[in-house]
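With PDB, C-alpha atoms inside, this is structure.pdb:
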```
ATOM      1  CA  MET A 680      -4.012 -13.425 -13.880  1.00  0.00           C
ATOM      2  CA  THR A 681      -0.361 -13.462 -14.879  1.00  0.00           C
ATOM      3  CA  ASP A 682      -0.218 -11.444 -18.111  1.00  0.00           C
ATOM      4  CA  VAL A 683       0.462  -7.788 -17.480  1.00  0.00           C
ATOM      5  CA  ASP A 684       0.576  -5.282 -20.331  1.00  0.00           C
ATOM      6  CA  TRP A 685       3.205  -3.038 -18.776  1.00  0.00           C
ATOM      7  CA  ALA A 686       3.197  -0.612 -21.716  1.00  0.00           C
ATOM      8  CA  ALA A 687      -0.559  -0.071 -21.293  1.00  0.00           C
ATOM      9  CA  LEU A 688      -0.179   0.282 -17.523  1.00  0.00           C
ATOM     10  CA  ARG A 689       2.559   2.899 -17.936  1.00  0.00           C
ATOM     11  CA  ALA A 690       0.405   4.724 -20.510  1.00  0.00           C
ATOM     12  CA  ALA A 691      -2.503   4.809 -18.037  1.00  0.00           C
ATOM     13  CA  ALA A 692      -0.144   6.143 -15.356  1.00  0.00           C
ATOM     14  CA  ARG A 693       1.122   8.839 -17.742  1.00  0.00           C
ATOM     15  CA  GLU A 694      -2.454   9.869 -18.553  1.00  0.00           C
ATOM     16  CA  ALA A 695      -3.315  10.031 -14.829  1.00  0.00           C
ATOM     17  CA  MET A 696      -0.225  12.168 -14.274  1.00  0.00           C
ATOM     18  CA  THR A 697      -1.668  14.836 -16.599  1.00  0.00           C
ATOM     19  CA  HIS A 698      -4.351  15.454 -13.936  1.00  0.00           C
ATOM     20  CA  ALA A 699      -1.899  15.950 -11.063  1.00  0.00           C
ATOM     21  CA  TYR A 700      -2.234  19.074  -8.955  1.00  0.00           C
ATOM     22  CA  ALA A 701       1.381  19.955  -8.207  1.00  0.00           C
ATOM     23  CA  PRO A 702       1.685  23.765  -8.144  1.00  0.00           C
ATOM     24  CA  TYR A 703       4.271  23.759  -5.329  1.00  0.00           C
ATOM     25  CA  SER A 704       6.726  21.033  -6.257  1.00  0.00           C
ATOM     26  CA  ARG A 705       6.009  21.080  -9.987  1.00  0.00           C
ATOM     27  CA  PHE A 706       6.537  17.318  -9.726  1.00  0.00           C
ATOM     28  CA  PRO A 707       3.477  15.568 -11.183  1.00  0.00           C
ATOM     29  CA  VAL A 708       3.116  11.853 -10.519  1.00  0.00           C
ATOM     30  CA  GLY A 709       0.745   9.297 -12.003  1.00  0.00           C
ATOM     31  CA  VAL A 710       0.138   5.689 -11.122  1.00  0.00           C
ATOM     32  CA  ALA A 711      -1.883   2.855 -12.597  1.00  0.00           C
ATOM     33  CA  GLY A 712      -2.701  -0.506 -11.119  1.00  0.00           C
ATOM     34  CA  LEU A 713      -4.100  -3.681 -12.591  1.00  0.00           C
ATOM     35  CA  VAL A 714      -6.758  -5.222 -10.339  1.00  0.00           C
ATOM     36  CA  ASP A 715      -7.356  -8.961 -10.011  1.00  0.00           C
ATOM     37  CA  ASP A 716     -10.688  -8.616 -11.882  1.00  0.00           C
ATOM     38  CA  GLY A 717      -9.010  -6.968 -14.901  1.00  0.00           C
ATOM     39  CA  ARG A 718      -9.856  -3.341 -14.109  1.00  0.00           C
ATOM     40  CA  VAL A 719      -7.198  -0.659 -14.270  1.00  0.00           C
ATOM     41  CA  VAL A 720      -7.344   1.991 -11.557  1.00  0.00           C
ATOM     42  CA  THR A 721      -5.313   5.182 -11.563  1.00  0.00           C
ATOM     43  CA  GLY A 722      -4.295   8.051  -9.347  1.00  0.00           C
ATOM     44  CA  CYS A 723      -2.334  11.289  -9.403  1.00  0.00           C
ATOM     45  CA  ASN A 724      -0.685  13.387  -6.728  1.00  0.00           C
ATOM     46  CA  VAL A 725      -2.630  16.276  -5.211  1.00  0.00           C
ATOM     47  CA  GLU A 726      -0.571  18.826  -3.315  1.00  0.00           C
ATOM     48  CA  ASN A 727      -1.683  21.251  -0.635  1.00  0.00           C
ATOM     49  CA  ALA A 728      -0.279  24.600   0.526  1.00  0.00           C
ATOM     50  CA  SER A 729       0.301  22.862   3.847  1.00  0.00           C
ATOM     51  CA  TYR A 730       2.911  20.542   2.366  1.00  0.00           C
ATOM     52  CA  GLY A 731       2.384  17.667   4.775  1.00  0.00           C
ATOM     53  CA  LEU A 732      -1.230  17.322   3.665  1.00  0.00           C
ATOM     54  CA  GLY A 733      -0.397  16.513   0.056  1.00  0.00           C
ATOM     55  CA  LEU A 734      -1.629  13.214  -1.309  1.00  0.00           C
ATOM     56  CA  CYS A 735       0.627  10.930  -3.265  1.00  0.00           C
ATOM     57  CA  ALA A 736      -0.661   9.406  -6.490  1.00  0.00           C
ATOM     58  CA  GLU A 737      -0.864   5.984  -4.835  1.00  0.00           C
ATOM     59  CA  CYS A 738      -3.352   7.388  -2.302  1.00  0.00           C
ATOM     60  CA  GLY A 739      -5.630   8.306  -5.188  1.00  0.00           C
ATOM     61  CA  LEU A 740      -5.125   4.889  -6.771  1.00  0.00           C
ATOM     62  CA  VAL A 741      -6.098   3.061  -3.582  1.00  0.00           C
ATOM     63  CA  SER A 742      -9.105   5.366  -3.135  1.00  0.00           C
ATOM     64  CA  GLU A 743     -10.258   4.567  -6.669  1.00  0.00           C
ATOM     65  CA  LEU A 744      -9.683   0.862  -6.073  1.00  0.00           C
ATOM     66  CA  VAL A 745     -11.927   0.901  -3.011  1.00  0.00           C
ATOM     67  CA  ARG A 746     -14.489   3.274  -4.569  1.00  0.00           C
ATOM     68  CA  THR A 747     -14.923   1.084  -7.653  1.00  0.00           C
ATOM     69  CA  GLY A 748     -15.477  -2.220  -5.901  1.00  0.00           C
ATOM     70  CA  GLY A 749     -12.247  -3.201  -4.194  1.00  0.00           C
ATOM     71  CA  GLY A 750     -10.212  -6.203  -5.158  1.00  0.00           C
ATOM     72  CA  ARG A 751      -6.498  -6.866  -5.024  1.00  0.00           C
ATOM     73  CA  LEU A 752      -3.827  -5.029  -6.952  1.00  0.00           C
ATOM     74  CA  VAL A 753      -1.869  -7.363  -9.206  1.00  0.00           C
ATOM     75  CA  ALA A 754       0.582  -4.956 -10.848  1.00  0.00           C
ATOM     76  CA  VAL A 755       1.423  -1.246 -10.429  1.00  0.00           C
ATOM     77  CA  ALA A 756       3.350   1.250 -12.531  1.00  0.00           C
ATOM     78  CA  CYS A 757       4.198   4.711 -11.184  1.00  0.00           C
ATOM     79  CA  VAL A 758       5.663   7.489 -13.333  1.00  0.00           C
ATOM     80  CA  GLY A 759       7.119  10.928 -12.706  1.00  0.00           C
ATOM     81  CA  GLY A 760       6.790  14.097 -14.754  1.00  0.00           C
ATOM     82  CA  ASP A 761       9.110  12.775 -17.431  1.00  0.00           C
ATOM     83  CA  GLY A 762       6.926   9.695 -17.902  1.00  0.00           C
ATOM     84  CA  GLN A 763       9.641   7.372 -16.631  1.00  0.00           C
ATOM     85  CA  PRO A 764       9.204   4.835 -13.814  1.00  0.00           C
ATOM     86  CA  LEU A 765       9.278   6.322 -10.333  1.00  0.00           C
ATOM     87  CA  MET A 766       9.628   4.430  -7.069  1.00  0.00           C
ATOM     88  CA  PRO A 767       6.745   4.941  -4.613  1.00  0.00           C
ATOM     89  CA  CYS A 768       7.689   6.495  -1.280  1.00  0.00           C
ATOM     90  CA  GLY A 769       7.719   4.403   1.892  1.00  0.00           C
ATOM     91  CA  ARG A 770       4.174   5.325   2.958  1.00  0.00           C
ATOM     92  CA  CYS A 771       2.865   4.418  -0.462  1.00  0.00           C
ATOM     93  CA  ARG A 772       4.720   1.118  -0.516  1.00  0.00           C
ATOM     94  CA  GLN A 773       2.817   0.293   2.664  1.00  0.00           C
ATOM     95  CA  LEU A 774      -0.491   1.258   1.000  1.00  0.00           C
ATOM     96  CA  LEU A 775       0.327  -0.920  -1.991  1.00  0.00           C
ATOM     97  CA  TRP A 776       1.260  -3.819   0.289  1.00  0.00           C
ATOM     98  CA  GLU A 777      -2.076  -3.586   2.071  1.00  0.00           C
ATOM     99  CA  HIS A 778      -4.046  -3.696  -1.185  1.00  0.00           C
ATOM    100  CA  GLY A 779      -1.823  -5.981  -3.238  1.00  0.00           C
ATOM    101  CA  GLY A 780       0.214  -8.079  -0.851  1.00  0.00           C
ATOM    102  CA  ALA A 781       3.536  -9.795  -1.216  1.00  0.00           C
ATOM    103  CA  ASP A 782       2.904 -11.036  -4.768  1.00  0.00           C
ATOM    104  CA  MET A 783       1.827  -7.728  -6.284  1.00  0.00           C
ATOM    105  CA  LEU A 784       4.257  -6.712  -9.019  1.00  0.00           C
ATOM    106  CA  LEU A 785       5.788  -3.248  -9.003  1.00  0.00           C
ATOM    107  CA  GLU A 786       7.845  -1.640 -11.721  1.00  0.00           C
ATOM    108  CA  THR A 787      10.906  -0.198  -9.997  1.00  0.00           C
ATOM    109  CA  VAL A 788      13.634   2.127 -11.192  1.00  0.00           C
ATOM    110  CA  SER A 789      16.645  -0.086 -10.484  1.00  0.00           C
ATOM    111  CA  LEU A 790      15.319  -3.619 -10.036  1.00  0.00           C
ATOM    112  CA  GLY A 791      12.864  -3.811 -12.933  1.00  0.00           C
ATOM    113  CA  ILE A 792       9.569  -5.550 -12.226  1.00  0.00           C
ATOM    114  CA  VAL A 793       9.600  -7.289  -8.855  1.00  0.00           C
ATOM    115  CA  PRO A 794       7.086  -8.562  -6.298  1.00  0.00           C
ATOM    116  CA  MET A 795       6.381  -6.371  -3.299  1.00  0.00           C
ATOM    117  CA  ARG A 796       8.129  -8.862  -0.990  1.00  0.00           C
ATOM    118  CA  GLU A 797      11.403  -7.686  -2.578  1.00  0.00           C
ATOM    119  CA  VAL A 798      10.484  -3.998  -2.329  1.00  0.00           C
ATOM    120  CA  LEU A 799       9.225  -4.083   1.247  1.00  0.00           C
ATOM    121  CA  PRO A 800      10.740  -7.074   3.071  1.00  0.00           C
ATOM    122  CA  ASP A 801       9.307  -7.786   6.516  1.00  0.00           C
ATOM    123  CA  ALA A 802       6.318  -5.584   5.689  1.00  0.00           C
ATOM    124  CA  PHE A 803       3.663  -4.809   8.275  1.00  0.00           C
ATOM    125  CA  GLY A 804       0.140  -5.765   7.239  1.00  0.00           C
ATOM    126  CA  PRO A 805      -3.326  -6.707   8.499  1.00  0.00           C
ATOM    127  CA  GLU A 806      -2.146 -10.182   9.481  1.00  0.00           C
ATOM    128  CA  ASP A 807       0.267  -8.577  11.947  1.00  0.00           C
ATOM    129  CA  LEU A 808      -2.637  -6.847  13.692  1.00  0.00           C
ATOM    130  CA  THR A 809      -4.542 -10.146  13.852  1.00  0.00           C
ATOM    131  CA  ALA A 810      -1.511 -11.948  15.276  1.00  0.00           C
ATOM    132  CA  ALA A 811      -0.954  -9.198  17.857  1.00  0.00           C
ATOM    133  CA  ALA A 812      -4.615  -9.322  18.905  1.00  0.00           C
ATOM    134  CA  THR A 813      -4.420 -13.102  19.259  1.00  0.00           C
ATOM    135  CA  ARG A 814      -1.261 -12.825  21.360  1.00  0.00           C
ATOM    136  CA  SER A 815      -2.834 -10.091  23.460  1.00  0.00           C
ATOM    137  CA  ALA A 816      -5.983 -12.149  24.033  1.00  0.00           C
ATOM    138  CA  GLY A 817      -3.828 -15.099  25.070  1.00  0.00           C
ATOM    139  CA  ASP A 818      -1.821 -12.915  27.440  1.00  0.00           C
ATOM    140  CA  SER A 819      -5.018 -11.489  28.947  1.00  0.00           C
ATOM    141  CA  ALA A 820      -6.475 -14.948  29.451  1.00  0.00           C
ATOM    142  CA  ALA A 821      -3.274 -16.167  31.105  1.00  0.00           C
ATOM    143  CA  ALA A 822      -3.202 -13.114  33.370  1.00  0.00           C
ATOM    144  CA  ALA A 823      -6.841 -13.651  34.321  1.00  0.00           C
ATOM    145  CA  THR A 824      -6.127 -17.288  35.141  1.00  0.00           C
ATOM    146  CA  ARG A 825      -3.128 -16.314  37.264  1.00  0.00           C
ATOM    147  CA  SER A 826      -5.180 -13.617  38.975  1.00  0.00           C
ATOM    148  CA  ALA A 827      -8.093 -15.965  39.627  1.00  0.00           C
ATOM    149  CA  GLY A 828      -5.696 -18.594  40.971  1.00  0.00           C
ATOM    150  CA  GLY A 829      -4.136 -15.998  43.288  1.00  0.00           C
ATOM    151  CA  ARG A 830      -7.565 -14.959  44.601  1.00  0.00           C
ATOM    152  CA  ALA A 831      -8.547 -18.566  45.184  1.00  0.00           C
ATOM    153  CA  ALA A 832      -5.323 -19.218  47.137  1.00  0.00           C
ATOM    154  CA  ALA A 833      -5.893 -16.076  49.208  1.00  0.00           C
ATOM    155  CA  ASP A 834      -9.468 -17.194  49.908  1.00  0.00           C
ATOM    156  CA  ARG A 835      -8.083 -20.489  51.213  1.00  0.00           C
ATOM    157  CA  GLY A 836      -5.611 -18.572  53.400  1.00  0.00           C
ATOM    158  CA  GLN A 837      -2.639 -19.677  51.288  1.00  0.00           C
ATOM    159  CA  GLY A 838      -1.822 -16.347  49.611  1.00  0.00           C
TER     160      GLY A 838
END
```
Rewritten as C-alpha cells:
Amino acid sequence: MTDVDWAALRAAAREAMTHAYAPYSRFPVGVAGLVDDGRVVTGCNVENASYGLGLCAECGLVSELVRTGGGRLVAVACVGGDGQPLMPCGRCRQLLWEHGGADMLLETVSLGIVPMREVLPDAFGPEDLTAAATRSAGDSAAAATRSAGGRAAADRGQG
C-alpha cells in the first residue's frame, strides 16, 4: 500500500480532535492513522486533573489499532486545535515506531511527510529487546561454561 490520501487522513484527525477532553490545557489534539489493511484508526487526547496521567491522542490511536484487530500503521497525521499538522511528542513517536516501524510515514511540521526513520533515528524497538535477550543468553551460557570448567579444575585439584 503506497497511496495515502493525506487530505482524508487529516480530515479524520480533525474529526477525532473534536472529541478531545482537554479542559486543563485547552489544547485538543487529534490523530489518524492508515493501517496496512486499509482501515483508518483515530485517537484524541484525554487529559486528567493529575496532569501526568493525561493520554496523548496517539495513545488512543494505538489502543484503537490493537482493539480493532491490530496491523501495522502505514501513515499518520496528527493535528492540533487549529487543524494544522502537529508533531507527536517523544513518547508518542516511540509508540508510533512500535506499531508502524521505520517505514511508517508521518506528516511533520517542518519536514513534510517523512518515514519514521528520519523522525526517530536510532529508535528503540522490539528487535532491541530480542537482541539484548540473545546477548544475555549467550553471556549466561559462557559464564556457566567458565564456572563449570572452574569446578572441574578444582575437582581435579588444579583450581
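Interatomic distance, CA of Leu688 (chain A) against CA of Arg705 (chain A): 23.0 Å.
If you measure from each of A:Arg770, A:Arg814, A:His778, A:Arg693 to Ala754 (chain A) using all atoms listed in the file, the closest one turns out to be A:His778.
In this comparison, which uses all atoms listed in the file, the residue of A:Val719, A:Leu734, A:Leu808, A:Val798 approaching Tyr700 (chain A) most closely is A:Leu734.
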Name the residues captured by the PyMOL selection byres ((chain A and resi 738) around 12) when it is applied to the shown file; answer as a ChimeraX atom specification. /A:708-712,720-726,732-737,739-745,757,767-768,770-775,777-778
Evaluated on this file, the PyMOL selection byres ((chain A and resi 794) around 12) picks out some residues - which ones are they, written as a PyMOL selection string? chain A and resi 752-755+772+775-776+779-787+790-793+795-800
Assuming the chain letters and numbering stay as they are in my file, what does the PyMOL selection byres ((chain A and resi 763) around 12) actually select? List them as an NGL selection string. :A and (686 or 689-690 or 692-693 or 696 or 707-710 or 756-762 or 764-766 or 786-789)
Would you compute the box with edges along x, y and z of the file around region 754-760 of chain A, including every atom the file lists for it and 5 Å extra on each side, and give its centre and edge lengths in Å to one decimal, as lines of an AutoDock Vina configuration file?
```
center_x = 3.9
center_y = 4.6
center_z = -12.6
size_x = 16.5
size_y = 29.1
size_z = 14.3
```
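For the atom pair formed by CA of Ala687 (chain A) and CA of Val714 (chain A), the distance is 13.6 Å, given to one decimal.
Straight-line separation from CA of Arg746 (chain A) to CA of Ala699 (chain A): 19.0 Å.
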